[in-house]
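Asks: To start, I am sharing the structure in question, which I have written as structure tokens.
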Amino acid sequence: MARRKREPLAPATPGSIVEWEVSYEMQVNGRRVEPGTELKIKGERGRFRFVKHVVSSNGEWVDVWGGPKNSPSMRSFRSDKIQRVHYKNTTDTALAAEYTAKKIAIKAELEEAAEDE
């Protein structure tokens with residue numbers, strides 16, 4: 001016997017974007033989360049980097065970038081699915097950004113030292 005075709009579900013309308021409250025910082029498990037902070041999401045493979053926190057009339061969620069290695073994507077999860085806030089970033093992109101920031105700081109420090117002389 002063939003399967004019955006299901007009627008498509010009505011698309012969920014999250015409300016007007018104007019009604020959304022977007023913030024780029026939040027606190028999870030006593031830790032401050034800002035863009036670039038790595039998170040572990042319950043039931044998902046890989047680490048995700050925090051992008052923003054959104055609160056609307058229908059609920060609240062976090063937008064993140066990441067996932068399994070070699071296949072990152074932009075995803076959204078409910079805030080209660082955050083399992084851990086990592087204190088040390090280990091993804092390749094995060095490490096590259098930290099390295100670049102260190103190099104810029106060292107260069108600025110050397111320039112200040114040269115100006116003082």
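Following the order of the structure tokens, first chain is A, next is B, and so on, with residues numbered from 1 inside each chain and ligands from 1 in the order they appear.
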Identify, on the basis of only C-alpha atoms, every residue whose closest approach to segment 18-33 of chain A does not exceed 8 Å; exclude the query and any residue fewer than 2 positions from it along the same chain; express the result as a PyMOL selection string.

Replies: chain A and resi 15-16+35+37+50-57+82+84-85

Asks: Which is closer to Ile17 of chain A than all the others in A:Lys81, A:Ala113, A:Gly43, A:Asn58, using only C-alpha atoms?

Replies: A:Asn58

Asks: Near His86 of chain A, within 9 Å and counting only C-alpha atoms, which residues show up once chain neighbours fewer than 4 positions away are dropped, as a short mmCIF file (atom, residue, chain, number, x, y, z; two decimals) with N, CA and C atoms, in the first residue's frame?

Replies:
data_model
loop_
_atom_site.label_atom_id
_atom_site.label_comp_id
_atom_site.auth_asym_id
_atom_site.auth_seq_id
_atom_site.Cartn_x
_atom_site.Cartn_y
_atom_site.Cartn_z
N THR A 37 32.65 33.67 20.72
CA THR A 37 32.79 32.70 21.81
C THR A 37 32.25 31.35 21.36
N GLU A 38 32.99 30.29 21.65
CA GLU A 38 32.59 28.96 21.21
C GLU A 38 31.65 28.31 22.21
N LEU A 39 30.61 27.65 21.68
CA LEU A 39 29.60 27.00 22.48
C LEU A 39 29.46 25.54 22.07
N LYS A 40 29.00 24.72 22.98
CA LYS A 40 28.63 23.34 22.68
C LYS A 40 27.12 23.28 22.79
N ARG A 47 31.67 22.36 17.45
CA ARG A 47 31.57 23.60 18.22
C ARG A 47 30.95 24.67 17.35
#

Asks: How far is it from atom CA of Ile41 of chain A to atom CA of Gln83 of chain A, in Å with one decimal?

Replies: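 For atom CA of Ile41 of chain A relative to atom CA of Gln83 of chain A, the distance reads 5.3 Å.
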
Asks: Smallest atom-to-atom distance to Ser79 of chain A: which of A:Gly59, A:Arg4, A:Glu117, A:Ala108, using only C-alpha atoms?

Replies: A:Gly59

Asks: Between atom CA of Val62 of chain A and atom CA of Arg49 of chain A, measure the distance and give it in Å to one decimal.

Replies: 10.2 Å

Asks: If DSSP is run on the backbone, what residues of chain A are strand (DSSP E)? A reply as a VMD selection string would be ideal.

Replies: chain A and resid 21 to 23 26 to 28 31 to 33 38 to 41 47 to 56 59 to 67 73 to 78 82 to 85

Asks: Tell me, in Å to one decimal, how far atom CA of Ala101 of chain A is from atom CA of Lys88 of chain A.

Replies: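 It comes out at 15.3 Å.
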
Asks: Determine which residues of chain A receive a DSSP assignment of helix (DSSP H, G or I), computed from the backbone, and state them as JSON, numbers by chain.

Replies: {"A": [17, 18, 19, 79, 80, 81, 92, 93, 94, 95, 96, 97, 98, 99, 100, 101, 102, 103, 104, 105, 106, 107, 108, 109, 110, 111, 112, 113, 114, 115, 116]}

Asks: My list of candidates is A:Gly36, A:Ser71, A:Val64, A:Arg78. Which is closest to Ala94 of chain A when distances are computed with only C-alpha atoms?

Replies: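 Of A:Gly36, A:Ser71, A:Val64, A:Arg78, the one nearest Ala94 of chain A, counting only C-alpha atoms, is A:Gly36.
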